[in-house]
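Reproduced below: structure-v8.cif, with mmCIF, C-alpha atoms.
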data_data
loop_
_atom_site.group_PDB
_atom_site.id
_atom_site.type_symbol
_atom_site.label_atom_id
_atom_site.label_comp_id
_atom_site.auth_asym_id
_atom_site.auth_seq_id
_atom_site.Cartn_x
_atom_site.Cartn_y
_atom_site.Cartn_z
ATOM 1 C CA MET A 147 -9.197 2.665 -29.557
ATOM 2 C CA GLU A 148 -7.473 -0.319 -27.942
ATOM 3 C CA ASN A 149 -4.773 1.882 -26.424
ATOM 4 C CA SER A 150 -7.354 4.180 -24.850
ATOM 5 C CA THR A 151 -8.852 1.333 -22.825
ATOM 6 C CA ASN A 152 -5.684 -0.699 -22.321
ATOM 7 C CA PRO A 153 -2.666 1.655 -22.300
ATOM 8 C CA PRO A 154 0.566 -0.335 -22.718
ATOM 9 C CA TYR A 155 2.474 2.148 -20.541
ATOM 10 C CA PHE A 156 1.875 4.148 -17.372
ATOM 11 C CA ASN A 157 3.382 7.581 -16.848
ATOM 12 C CA LEU A 158 4.757 8.381 -13.364
ATOM 13 C CA THR A 159 3.975 12.105 -13.222
ATOM 14 C CA VAL A 160 5.324 13.196 -9.824
ATOM 15 C CA PHE A 161 8.998 13.266 -10.828
ATOM 16 C CA VAL A 162 10.299 16.811 -10.550
ATOM 17 C CA ASN A 163 12.455 18.183 -13.373
ATOM 18 C CA MET A 164 15.806 18.391 -11.577
ATOM 19 C CA GLY A 165 18.046 19.187 -14.550
ATOM 20 C CA ASN A 166 21.715 18.597 -13.729
ATOM 21 C CA TYR A 167 20.827 17.848 -10.088
ATOM 22 C CA ARG A 168 19.497 14.483 -11.182
ATOM 23 C CA TYR A 169 23.026 13.031 -11.075
ATOM 24 C CA LEU A 170 23.643 14.228 -7.524
ATOM 25 C CA THR A 171 20.227 12.885 -6.512
ATOM 26 C CA PHE A 172 21.029 9.567 -8.177
ATOM 27 C CA VAL A 173 24.308 9.238 -6.252
ATOM 28 C CA LEU A 174 22.651 10.123 -2.930
ATOM 29 C CA CYS A 175 19.809 7.660 -3.507
ATOM 30 C CA LEU A 176 22.265 4.960 -4.588
ATOM 31 C CA LEU A 177 24.225 5.492 -1.360
ATOM 32 C CA LEU A 178 20.975 5.330 0.608
ATOM 33 C CA TYR A 179 20.044 2.057 -1.067
ATOM 34 C CA ALA A 180 23.534 0.670 -0.397
ATOM 35 C CA SER A 181 23.098 1.644 3.271
ATOM 36 C CA ILE A 182 19.738 -0.140 3.424
ATOM 37 C CA ILE A 183 21.272 -3.299 1.935
ATOM 38 C CA SER A 184 24.299 -3.194 4.240
ATOM 39 C CA ALA A 185 22.376 -2.493 7.455
ATOM 40 C CA ASN A 186 19.807 -5.215 6.858
ATOM 41 C CA LEU A 187 22.393 -7.755 5.713
ATOM 42 C CA VAL A 188 24.315 -7.197 8.967
ATOM 43 C CA ILE A 189 21.197 -8.031 10.987
ATOM 44 C CA ILE A 190 20.453 -11.107 8.846
ATOM 45 C CA VAL A 191 24.023 -12.449 8.997
ATOM 46 C CA VAL A 192 24.417 -11.847 12.739
ATOM 47 C CA ILE A 193 21.132 -13.549 13.662
ATOM 48 C CA SER A 194 21.588 -16.471 11.254
ATOM 49 C CA GLN A 195 25.175 -17.202 12.367
ATOM 50 C CA GLU A 196 24.874 -16.586 16.102
ATOM 51 C CA LYS A 197 23.213 -19.606 17.756
ATOM 52 C CA THR A 198 22.350 -17.644 20.901
ATOM 53 C CA LEU A 199 20.057 -15.482 18.751
ATOM 54 C CA HIS A 200 18.079 -18.429 17.362
ATOM 55 C CA GLU A 201 15.038 -17.426 19.393
ATOM 56 C CA PRO A 202 11.579 -16.364 18.172
ATOM 57 C CA MET A 203 12.042 -12.620 18.709
ATOM 58 C CA TYR A 204 15.284 -12.519 16.725
ATOM 59 C CA ILE A 205 13.891 -14.789 14.002
ATOM 60 C CA PHE A 206 11.062 -12.292 13.512
ATOM 61 C CA ILE A 207 13.562 -9.422 13.434
ATOM 62 C CA MET A 208 15.536 -11.250 10.744
ATOM 63 C CA CYS A 209 12.307 -11.687 8.750
ATOM 64 C CA LEU A 210 11.706 -7.920 8.977
ATOM 65 C CA SER A 211 15.181 -7.308 7.543
ATOM 66 C CA ILE A 212 14.605 -9.800 4.726
ATOM 67 C CA ASN A 213 11.334 -8.024 3.967
ATOM 68 C CA SER A 214 13.138 -4.668 3.919
ATOM 69 C CA LEU A 215 15.532 -5.990 1.259
ATOM 70 C CA TYR A 216 12.587 -7.335 -0.733
ATOM 71 C CA GLY A 217 10.559 -4.117 -0.614
ATOM 72 C CA SER A 218 13.455 -1.737 -1.234
ATOM 73 C CA ALA A 219 14.570 -3.807 -4.259
ATOM 74 C CA GLY A 220 11.059 -3.545 -5.704
ATOM 75 C CA PHE A 221 11.271 0.224 -5.441
ATOM 76 C CA PHE A 222 14.880 1.336 -5.891
ATOM 77 C CA PHE A 223 15.810 -0.501 -9.101
ATOM 78 C CA ARG A 224 13.095 1.300 -11.034
ATOM 79 C CA PHE A 225 13.413 4.587 -9.132
ATOM 80 C CA LEU A 226 17.164 4.906 -9.767
ATOM 81 C CA ALA A 227 16.618 4.267 -13.474
ATOM 82 C CA ASP A 228 13.876 6.922 -13.587
ATOM 83 C CA LEU A 229 16.176 9.498 -11.992
ATOM 84 C CA LEU A 230 18.484 9.284 -15.004
ATOM 85 C CA SER A 231 15.692 9.085 -17.571
ATOM 86 C CA ASP A 232 14.005 11.930 -19.445
ATOM 87 C CA THR A 233 10.746 9.999 -19.604
ATOM 88 C CA HIS A 234 9.074 8.072 -16.823
ATOM 89 C CA LEU A 235 7.015 5.529 -18.712
ATOM 90 C CA ILE A 236 6.717 2.055 -17.237
ATOM 91 C CA PRO A 237 5.201 -0.936 -19.122
ATOM 92 C CA ARG A 238 1.876 -2.071 -17.759
ATOM 93 C CA PRO A 239 3.101 -5.589 -16.714
ATOM 94 C CA ALA A 240 6.146 -4.077 -14.964
ATOM 95 C CA CYS A 241 3.883 -1.595 -13.176
ATOM 96 C CA LEU A 242 1.594 -4.366 -11.925
ATOM 97 C CA ILE A 243 4.597 -6.381 -10.732
ATOM 98 C CA GLN A 244 5.908 -3.350 -8.823
ATOM 99 C CA ILE A 245 2.470 -2.836 -7.241
ATOM 100 C CA TYR A 246 2.471 -6.461 -6.129
ATOM 101 C CA VAL A 247 5.990 -6.293 -4.666
ATOM 102 C CA ILE A 248 5.481 -3.004 -2.799
ATOM 103 C CA TYR A 249 2.055 -3.940 -1.438
ATOM 104 C CA THR A 250 3.165 -7.395 -0.289
ATOM 105 C CA TYR A 251 6.203 -5.731 1.326
ATOM 106 C CA ALA A 252 3.862 -3.378 3.206
ATOM 107 C CA SER A 253 1.558 -6.228 4.243
ATOM 108 C CA PHE A 254 4.467 -8.451 5.320
ATOM 109 C CA GLU A 255 5.761 -5.646 7.531
ATOM 110 C CA LEU A 256 2.453 -5.329 9.339
ATOM 111 C CA THR A 257 1.784 -9.054 9.755
ATOM 112 C CA LEU A 258 5.365 -9.596 10.973
ATOM 113 C CA LEU A 259 4.952 -6.766 13.473
ATOM 114 C CA GLY A 260 1.743 -8.475 14.596
ATOM 115 C CA ILE A 261 3.380 -11.852 15.294
ATOM 116 C CA THR A 262 6.329 -10.097 16.975
ATOM 117 C CA ALA A 263 3.851 -8.368 19.281
ATOM 118 C CA TYR A 264 2.304 -11.765 20.064
ATOM 119 C CA ASP A 265 5.761 -13.115 20.919
ATOM 120 C CA ARG A 266 6.394 -10.207 23.325
ATOM 121 C CA TYR A 267 2.915 -10.654 24.841
ATOM 122 C CA VAL A 268 3.515 -14.338 25.622
ATOM 123 C CA ALA A 269 7.031 -13.602 26.953
ATOM 124 C CA VAL A 270 5.800 -10.896 29.358
ATOM 125 C CA CYS A 271 2.272 -11.972 30.268
ATOM 126 C CA GLN A 272 2.680 -15.770 30.155
ATOM 127 C CA PRO A 273 6.394 -16.374 30.852
ATOM 128 C CA LEU A 274 5.884 -19.880 32.288
ATOM 129 C CA HIS A 275 4.221 -21.017 29.060
ATOM 130 C CA TYR A 276 6.553 -19.191 26.681
ATOM 131 C CA HIS A 277 8.777 -22.118 25.669
ATOM 132 C CA SER A 278 5.810 -24.490 25.314
ATOM 133 C CA LYS A 279 3.879 -22.023 23.134
ATOM 134 C CA MET A 280 6.659 -20.419 21.071
ATOM 135 C CA THR A 281 8.206 -23.621 19.745
ATOM 136 C CA SER A 282 10.140 -23.747 16.486
ATOM 137 C CA LYS A 283 7.093 -25.330 14.865
ATOM 138 C CA MET A 284 4.836 -22.508 16.066
ATOM 139 C CA VAL A 285 7.352 -19.887 14.869
ATOM 140 C CA SER A 286 7.387 -21.523 11.420
ATOM 141 C CA LYS A 287 3.582 -21.497 11.304
ATOM 142 C CA LEU A 288 3.385 -17.833 12.331
ATOM 143 C CA VAL A 289 5.965 -16.755 9.738
ATOM 144 C CA ALA A 290 4.236 -18.841 7.057
ATOM 145 C CA PHE A 291 0.867 -17.263 7.848
ATOM 146 C CA ALA A 292 2.396 -13.768 7.932
ATOM 147 C CA CYS A 293 3.732 -14.355 4.406
ATOM 148 C CA ILE A 294 1.103 -16.493 2.681
ATOM 149 C CA TYR A 295 -1.979 -14.417 3.494
ATOM 150 C CA PRO A 296 -0.549 -11.128 2.084
ATOM 151 C CA LEU A 297 0.732 -12.975 -1.012
ATOM 152 C CA LEU A 298 -2.759 -14.245 -1.782
ATOM 153 C CA SER A 299 -4.799 -11.184 -0.762
ATOM 154 C CA VAL A 300 -2.622 -8.678 -2.637
ATOM 155 C CA ALA A 301 -2.623 -10.971 -5.685
ATOM 156 C CA VAL A 302 -6.432 -10.748 -5.791
ATOM 157 C CA CYS A 303 -6.340 -6.922 -5.697
ATOM 158 C CA VAL A 304 -3.660 -6.650 -8.390
ATOM 159 C CA TYR A 305 -5.416 -9.179 -10.617
ATOM 160 C CA MET A 306 -8.701 -7.274 -10.372
ATOM 161 C CA ALA A 307 -6.918 -4.003 -11.187
ATOM 162 C CA SER A 308 -5.213 -5.612 -14.185
ATOM 163 C CA ARG A 309 -8.601 -6.585 -15.657
ATOM 164 C CA LEU A 310 -10.007 -3.037 -15.618
ATOM 165 C CA PRO A 311 -10.347 -1.089 -18.896
ATOM 166 C CA LEU A 312 -8.481 2.173 -18.319
ATOM 167 C CA CYS A 313 -9.154 5.637 -19.745
ATOM 168 C CA GLY A 314 -5.767 7.125 -18.881
ATOM 169 C CA ASN A 315 -2.208 6.231 -17.974
ATOM 170 C CA LYS A 316 -1.021 8.904 -15.503
ATOM 171 C CA ILE A 317 -0.011 7.761 -12.006
ATOM 172 C CA PRO A 318 0.730 10.663 -9.612
ATOM 173 C CA LYS A 319 3.526 8.893 -7.721
ATOM 174 C CA VAL A 320 7.194 7.977 -8.088
ATOM 175 C CA TYR A 321 6.224 4.294 -8.094
ATOM 176 C CA CYS A 322 3.205 2.290 -9.221
ATOM 177 C CA ALA A 323 0.334 1.996 -6.749
ATOM 178 C CA ASN A 324 -2.964 0.155 -6.890
ATOM 179 C CA TRP A 325 -5.437 2.915 -6.047
ATOM 180 C CA PRO A 326 -4.174 5.398 -8.702
ATOM 181 C CA VAL A 327 -4.508 2.626 -11.313
ATOM 182 C CA VAL A 328 -8.051 1.777 -10.181
ATOM 183 C CA LYS A 329 -9.019 5.471 -10.401
ATOM 184 C CA LEU A 330 -8.147 5.402 -14.124
ATOM 185 C CA SER A 331 -10.896 2.864 -14.779
ATOM 186 C CA CYS A 332 -13.525 3.566 -17.442
ATOM 187 C CA VAL A 333 -16.077 1.397 -15.609
ATOM 188 C CA SER A 334 -17.429 1.094 -12.095
ATOM 189 C CA THR A 335 -14.874 0.001 -9.467
ATOM 190 C CA VAL A 336 -17.302 -0.831 -6.652
ATOM 191 C CA ILE A 337 -16.100 -4.458 -6.449
ATOM 192 C CA ASN A 338 -12.443 -3.375 -6.523
ATOM 193 C CA ASN A 339 -13.091 -0.874 -3.731
ATOM 194 C CA LEU A 340 -14.918 -3.471 -1.626
ATOM 195 C CA VAL A 341 -12.188 -6.095 -2.032
ATOM 196 C CA GLY A 342 -9.511 -3.455 -1.401
ATOM 197 C CA MET A 343 -11.270 -2.403 1.785
ATOM 198 C CA ILE A 344 -11.477 -6.002 3.033
ATOM 199 C CA VAL A 345 -7.789 -6.586 2.278
ATOM 200 C CA SER A 346 -6.838 -3.285 3.952
ATOM 201 C CA VAL A 347 -8.774 -4.163 7.091
ATOM 202 C CA THR A 348 -7.297 -7.665 7.363
ATOM 203 C CA THR A 349 -3.686 -6.815 6.456
ATOM 204 C CA VAL A 350 -3.388 -3.302 7.902
ATOM 205 C CA PHE A 351 -5.925 -2.424 10.567
ATOM 206 C CA LEU A 352 -6.285 -5.823 12.253
ATOM 207 C CA PRO A 353 -2.503 -6.230 12.794
ATOM 208 C CA LEU A 354 -2.286 -2.630 14.040
ATOM 209 C CA ALA A 355 -5.206 -3.185 16.419
ATOM 210 C CA PHE A 356 -3.649 -6.443 17.639
ATOM 211 C CA VAL A 357 -0.314 -4.749 18.347
ATOM 212 C CA LEU A 358 -2.087 -2.009 20.324
ATOM 213 C CA TYR A 359 -4.049 -4.628 22.284
ATOM 214 C CA THR A 360 -0.963 -6.700 23.188
ATOM 215 C CA TYR A 361 0.984 -3.669 24.369
ATOM 216 C CA ALA A 362 -1.982 -2.460 26.404
ATOM 217 C CA ARG A 363 -1.929 -5.841 28.179
ATOM 218 C CA ILE A 364 1.845 -5.655 28.625
ATOM 219 C CA PHE A 365 1.511 -2.134 30.069
ATOM 220 C CA LEU A 366 -1.105 -3.324 32.602
ATOM 221 C CA ILE A 367 1.186 -6.180 33.687
ATOM 222 C CA CYS A 368 4.167 -3.846 34.078
ATOM 223 C CA ARG A 369 2.231 -1.456 36.342
ATOM 224 C CA LYS A 370 2.103 -4.131 39.053
ATOM 225 C CA ARG A 371 5.704 -5.319 38.804
ATOM 226 C CA SER A 372 9.104 -4.145 40.043
ATOM 227 C CA SER A 373 11.263 -1.466 38.442
ATOM 228 C CA GLU A 374 13.779 -4.097 37.357
ATOM 229 C CA PHE A 375 11.043 -6.054 35.571
ATOM 230 C CA LYS A 376 9.799 -2.887 33.863
ATOM 231 C CA SER A 377 13.330 -2.081 32.728
ATOM 232 C CA LYS A 378 13.786 -5.506 31.143
ATOM 233 C CA VAL A 379 10.417 -5.305 29.398
ATOM 234 C CA ILE A 380 11.147 -1.833 28.039
ATOM 235 C CA GLN A 381 14.565 -2.961 26.810
ATOM 236 C CA SER A 382 13.099 -5.870 24.836
ATOM 237 C CA CYS A 383 9.922 -4.124 23.635
ATOM 238 C CA LEU A 384 11.137 -0.590 22.852
ATOM 239 C CA PRO A 385 12.656 -1.401 19.415
ATOM 240 C CA HIS A 386 9.422 -3.087 18.371
ATOM 241 C CA ILE A 387 7.353 -0.130 19.607
ATOM 242 C CA ILE A 388 9.580 2.328 17.693
ATOM 243 C CA THR A 389 9.283 0.212 14.544
ATOM 244 C CA PHE A 390 5.528 -0.066 14.982
ATOM 245 C CA VAL A 391 5.021 3.690 15.490
ATOM 246 C CA ASN A 392 7.357 4.550 12.603
ATOM 247 C CA TYR A 393 5.613 2.212 10.206
ATOM 248 C CA SER A 394 2.130 3.250 11.321
ATOM 249 C CA ILE A 395 2.966 6.866 10.476
ATOM 250 C CA THR A 396 4.336 5.970 7.044
ATOM 251 C CA VAL A 397 1.287 3.807 6.250
ATOM 252 C CA PHE A 398 -1.061 6.590 7.362
ATOM 253 C CA CYS A 399 0.771 9.102 5.148
ATOM 254 C CA ASP A 400 0.605 6.775 2.149
ATOM 255 C CA VAL A 401 -3.112 6.050 2.617
ATOM 256 C CA ALA A 402 -3.859 9.756 3.068
ATOM 257 C CA LEU A 403 -1.780 10.677 -0.010
ATOM 258 C CA SER A 404 -3.584 8.133 -2.178
ATOM 259 C CA ARG A 405 -6.902 9.893 -1.544
ATOM 260 C CA ILE A 406 -5.839 13.455 -2.431
ATOM 261 C CA ASN A 407 -4.071 15.066 -5.389
ATOM 262 C CA LEU A 408 -1.096 16.360 -3.415
ATOM 263 C CA GLU A 409 1.034 16.744 -6.566
ATOM 264 C CA GLU A 410 -1.271 19.584 -7.651
ATOM 265 C CA ILE A 411 -0.619 21.395 -4.364
ATOM 266 C CA ASN A 412 3.095 20.715 -3.835
ATOM 267 C CA PRO A 413 4.881 18.247 -6.199
ATOM 268 C CA PHE A 414 8.093 18.276 -4.128
ATOM 269 C CA LEU A 415 6.209 17.375 -0.922
ATOM 270 C CA ALA A 416 4.401 14.606 -2.821
ATOM 271 C CA VAL A 417 7.759 13.086 -3.812
ATOM 272 C CA ILE A 418 9.143 13.283 -0.254
ATOM 273 C CA LEU A 419 6.065 11.700 1.322
ATOM 274 C CA SER A 420 5.945 8.986 -1.350
ATOM 275 C CA LEU A 421 9.572 8.108 -0.631
ATOM 276 C CA GLU A 422 8.907 7.950 3.119
ATOM 277 C CA PHE A 423 6.739 4.852 2.735
ATOM 278 C CA VAL A 424 9.389 2.711 1.004
ATOM 279 C CA VAL A 425 12.620 4.254 2.316
ATOM 280 C CA ILE A 426 12.350 5.089 6.018
ATOM 281 C CA PRO A 427 11.295 1.698 7.513
ATOM 282 C CA PRO A 428 14.025 -0.336 5.719
ATOM 283 C CA ILE A 429 16.780 1.987 6.974
ATOM 284 C CA VAL A 430 15.363 2.694 10.451
ATOM 285 C CA ASN A 431 14.460 -0.885 11.459
ATOM 286 C CA PRO A 432 17.983 -2.412 11.425
ATOM 287 C CA LEU A 433 19.428 0.667 13.136
ATOM 288 C CA VAL A 434 16.814 0.494 15.891
ATOM 289 C CA TYR A 435 17.263 -3.243 16.492
ATOM 290 C CA GLY A 436 21.036 -3.107 16.121
ATOM 291 C CA LEU A 437 21.453 -0.234 18.557
ATOM 292 C CA LYS A 438 18.690 -0.906 21.091
ATOM 293 C CA LEU A 439 18.918 -4.669 21.624
ATOM 294 C CA PRO A 440 22.107 -5.429 23.607
ATOM 295 C CA GLU A 441 22.305 -9.043 22.384
ATOM 296 C CA ILE A 442 22.430 -8.018 18.718
ATOM 297 C CA ARG A 443 24.725 -5.079 19.467
ATOM 298 C CA LYS A 444 27.087 -7.364 21.385
ATOM 299 C CA CYS A 445 27.212 -9.915 18.540
ATOM 300 C CA ILE A 446 27.872 -7.185 15.960
ATOM 301 C CA SER A 447 30.731 -5.823 18.079
ATOM 302 C CA SER A 448 32.131 -9.325 18.516
ATOM 303 C CA MET A 449 32.045 -10.011 14.761
ATOM 304 C CA LEU A 450 33.743 -6.693 14.022
ATOM 305 C CA SER A 451 36.438 -7.420 16.606
ATOM 306 C CA CYS A 452 37.101 -10.858 15.127
ATOM 307 C CA SER A 453 37.267 -9.346 11.659
ATOM 308 C CA LYS A 454 39.843 -6.791 12.737
ATOM 309 C CA PHE A 455 41.886 -9.471 14.509
ATOM 310 C CA ASP A 456 41.874 -11.711 11.419
ATOM 311 C CA GLN A 457 43.101 -8.829 9.246
ATOM 312 C CA GLN A 458 46.129 -8.134 11.444
ATOM 313 C CA PRO A 459 49.448 -9.463 10.028
ATOM 314 C CA MET A 460 50.934 -12.450 11.818
#
Using structure tokens, write down the structure that the file contains.
Amino acid sequence: MENSTNPPYFNLTVFVNMGNYRYLTFVLCLLLYASIISANLVIIVVISQEKTLHEPMYIFIMCLSINSLYGSAGFFFRFLADLLSDTHLIPRPACLIQIYVIYTYASFELTLLGITAYDRYVAVCQPLHYHSKMTSKMVSKLVAFACIYPLLSVAVCVYMASRLPLCGNKIPKVYCANWPVVKLSCVSTVINNLVGMIVSVTTVFLPLAFVLYTYARIFLICRKRSSEFKSKVIQSCLPHIITFVNYSITVFCDVALSRINLEEINPFLAVILSLEFVVIPPIVNPLVYGLKLPEIRKCISSMLSCSKFDQQPM
């Protein structure tokens, strides 16, 4: 009876039986993960070593790359092991830890995008006050807030889910998620739903609304300025806008998927859309910032040139 209300394992049911293709899939996913690590490490190393990039915007970009490494590690280590396994059972504590890592990763991404939008807003709309407002102390406070609040709010949700008596152990995803676990509850989850809604509003919808507001203000400022000013603003803001739109779409897909049983309609599509949430942002973000921002692109080219020069025989 104890196992029926507190199953020691969860079963990830969305994995498709790929037979011998599992090894090819494993290699491709391993290469993808290696690409994510490499691309984000390049951004982190370039920004941390290049003193000219020790400015708020680039510090926030480096934080996004660190978060990408954090979130992708929470997903890929388990996912790669499951690809080679015949069973997809995950211990309950490990499942709760993965939920915490993936959900804090998602929340960090949104809060970091929010403070990056604030930085761009001050730079464009209040340029004379930029250096007095965006001091190193203020940057530290913004990054600390962007990290601490999600750590605490997600911890509350995961703790509440861990206390629920469960009448099943099947999770229709390729990774552990909070809502599918809550749906397995044998008792009422009204409090869990209420707390989850509050956390979702404060960590997802408020940052998204704030980003939209800041860019609406930036757009209104740009309408009255010269073409050269507009070009500079677009050059500095476009990577952030692309990242914001990309992540908003992935979050929307994940929220929509959590409310329907897509695996019953199309298991393969369920796997693809589940992967989108934890795979696309970590690989797209460094490529967007590395290719679109000339300062980062220039520093990467300079480091590569120095590396080639050092490798030449004397």
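Across A:Ile193, A:Val347, A:Ile205, A:Val336, the tightest approach to A:Glu441 is made by A:Ile193 when counting only C-alpha atoms.
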* What lies within 8 Å of stretch 152-163 of chain A using all atoms listed in the file, ignoring chain neighbours under 6 positions off, as a list in words? -> His234, Leu235, Ile236, Pro237, Arg238, Cys241, Pro311, Leu312, Cys313, Gly314, Asn315, Lys316, Ile317, Pro318, Lys319, Val320, Tyr321, Cys322, Glu409, Pro413, Phe414, Ala416 and Val417 of chain A
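For the atom pair formed by atom CA of A:Ser299 and atom CA of A:Val345, the distance is 6.3 Å, given to one decimal.
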* To do: Could you tell me which residues the PyMOL selection byres ((chain A and resi 387) around 12) grabs in this file, written as a VMD selection string?
  => chain A and resid 259 to 260 262 to 263 266 354 357 to 358 360 to 362 364 379 to 386 388 to 394 431 434 to 435 438
* Target residues per the PyMOL selection byres ((chain A and resi 217) around 9), formatted as a ChimeraX atom specification -> /A:212-216,218-222,247-252,424,428
* Using all atoms listed in the file: which of A:Ser231, A:Asn324, A:Ser286, A:Asn186 has the shortest distance to A:Gln244 ->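 Among A:Ser231, A:Asn324, A:Ser286, A:Asn186, it is A:Asn324 that comes nearest to A:Gln244.
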* Using only C-alpha atoms, which of the listed residues (A:Cys209, A:Val270, A:Ala355, A:Ala307) sits closest to A:Ile245? -> A:Ala307
Determine, counting only C-alpha atoms, every residue of protein, DNA or RNA that lies within 9 Å of (4.5, -2.2, 33.6) in the file coordinates, then give the result as an mmCIF file with C-alpha atoms, in the coordinates of the input.
data_model
loop_
_atom_site.group_PDB
_atom_site.id
_atom_site.type_symbol
_atom_site.label_atom_id
_atom_site.label_comp_id
_atom_site.auth_asym_id
_atom_site.auth_seq_id
_atom_site.Cartn_x
_atom_site.Cartn_y
_atom_site.Cartn_z
ATOM 1 C CA ILE A 364 1.845 -5.655 28.625
ATOM 2 C CA PHE A 365 1.511 -2.134 30.069
ATOM 3 C CA LEU A 366 -1.105 -3.324 32.602
ATOM 4 C CA ILE A 367 1.186 -6.180 33.687
ATOM 5 C CA CYS A 368 4.167 -3.846 34.078
ATOM 6 C CA ARG A 369 2.231 -1.456 36.342
ATOM 7 C CA LYS A 370 2.103 -4.131 39.053
ATOM 8 C CA ARG A 371 5.704 -5.319 38.804
ATOM 9 C CA SER A 372 9.104 -4.145 40.043
ATOM 10 C CA SER A 373 11.263 -1.466 38.442
ATOM 11 C CA PHE A 375 11.043 -6.054 35.571
ATOM 12 C CA LYS A 376 9.799 -2.887 33.863
ATOM 13 C CA SER A 377 13.330 -2.081 32.728
ATOM 14 C CA VAL A 379 10.417 -5.305 29.398
ATOM 15 C CA ILE A 380 11.147 -1.833 28.039
#
Kindly add N, CA and C atoms to the incomplete stretch 231-246 of chain A and provide the output as a PDB file, keeping the file's coordinate frame.
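Ended up saving to result14.pdb:
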ATOM      1  N   SER A 231      16.461   9.133 -16.317  1.00  0.00           N
ATOM      2  CA  SER A 231      15.692   9.085 -17.571  1.00  0.00           C
ATOM      3  C   SER A 231      14.952  10.393 -17.807  1.00  0.00           C
ATOM      4  N   ASP A 232      14.785  10.737 -19.084  1.00  0.00           N
ATOM      5  CA  ASP A 232      14.005  11.930 -19.445  1.00  0.00           C
ATOM      6  C   ASP A 232      12.510  11.636 -19.457  1.00  0.00           C
ATOM      7  N   THR A 233      12.151  10.399 -19.653  1.00  0.00           N
ATOM      8  CA  THR A 233      10.746   9.999 -19.604  1.00  0.00           C
ATOM      9  C   THR A 233      10.552   9.005 -18.465  1.00  0.00           C
ATOM     10  N   HIS A 234       9.345   8.939 -17.964  1.00  0.00           N
ATOM     11  CA  HIS A 234       9.074   8.072 -16.823  1.00  0.00           C
ATOM     12  C   HIS A 234       7.906   7.150 -17.132  1.00  0.00           C
ATOM     13  N   LEU A 235       8.021   6.488 -18.284  1.00  0.00           N
ATOM     14  CA  LEU A 235       7.015   5.529 -18.712  1.00  0.00           C
ATOM     15  C   LEU A 235       7.417   4.136 -18.233  1.00  0.00           C
ATOM     16  N   ILE A 236       6.461   3.407 -17.712  1.00  0.00           N
ATOM     17  CA  ILE A 236       6.717   2.055 -17.237  1.00  0.00           C
ATOM     18  C   ILE A 236       5.703   1.123 -17.888  1.00  0.00           C
ATOM     19  N   PRO A 237       6.147   0.003 -18.490  1.00  0.00           N
ATOM     20  CA  PRO A 237       5.201  -0.936 -19.122  1.00  0.00           C
ATOM     21  C   PRO A 237       4.163  -1.426 -18.121  1.00  0.00           C
ATOM     22  N   ARG A 238       2.982  -1.666 -18.631  1.00  0.00           N
ATOM     23  CA  ARG A 238       1.876  -2.071 -17.759  1.00  0.00           C
ATOM     24  C   ARG A 238       2.210  -3.329 -16.941  1.00  0.00           C
ATOM     25  N   PRO A 239       2.758  -4.412 -17.532  1.00  0.00           N
ATOM     26  CA  PRO A 239       3.101  -5.589 -16.714  1.00  0.00           C
ATOM     27  C   PRO A 239       4.117  -5.265 -15.621  1.00  0.00           C
ATOM     28  N   ALA A 240       5.137  -4.445 -15.958  1.00  0.00           N
ATOM     29  CA  ALA A 240       6.146  -4.077 -14.964  1.00  0.00           C
ATOM     30  C   ALA A 240       5.525  -3.257 -13.835  1.00  0.00           C
ATOM     31  N   CYS A 241       4.575  -2.407 -14.183  1.00  0.00           N
ATOM     32  CA  CYS A 241       3.883  -1.595 -13.176  1.00  0.00           C
ATOM     33  C   CYS A 241       3.092  -2.488 -12.230  1.00  0.00           C
ATOM     34  N   LEU A 242       2.384  -3.457 -12.765  1.00  0.00           N
ATOM     35  CA  LEU A 242       1.594  -4.366 -11.925  1.00  0.00           C
ATOM     36  C   LEU A 242       2.489  -5.213 -11.029  1.00  0.00           C
ATOM     37  N   ILE A 243       3.644  -5.617 -11.552  1.00  0.00           N
ATOM     38  CA  ILE A 243       4.597  -6.381 -10.732  1.00  0.00           C
ATOM     39  C   ILE A 243       5.113  -5.514  -9.583  1.00  0.00           C
ATOM     40  N   GLN A 244       5.430  -4.238  -9.882  1.00  0.00           N
ATOM     41  CA  GLN A 244       5.908  -3.350  -8.823  1.00  0.00           C
ATOM     42  C   GLN A 244       4.828  -3.123  -7.762  1.00  0.00           C
ATOM     43  N   ILE A 245       3.579  -2.970  -8.191  1.00  0.00           N
ATOM     44  CA  ILE A 245       2.470  -2.836  -7.241  1.00  0.00           C
ATOM     45  C   ILE A 245       2.427  -4.047  -6.319  1.00  0.00           C
ATOM     46  N   TYR A 246       2.543  -5.232  -6.918  1.00  0.00           N
ATOM     47  CA  TYR A 246       2.471  -6.461  -6.129  1.00  0.00           C
ATOM     48  C   TYR A 246       3.616  -6.538  -5.121  1.00  0.00           C
TER      49      TYR A 246
END
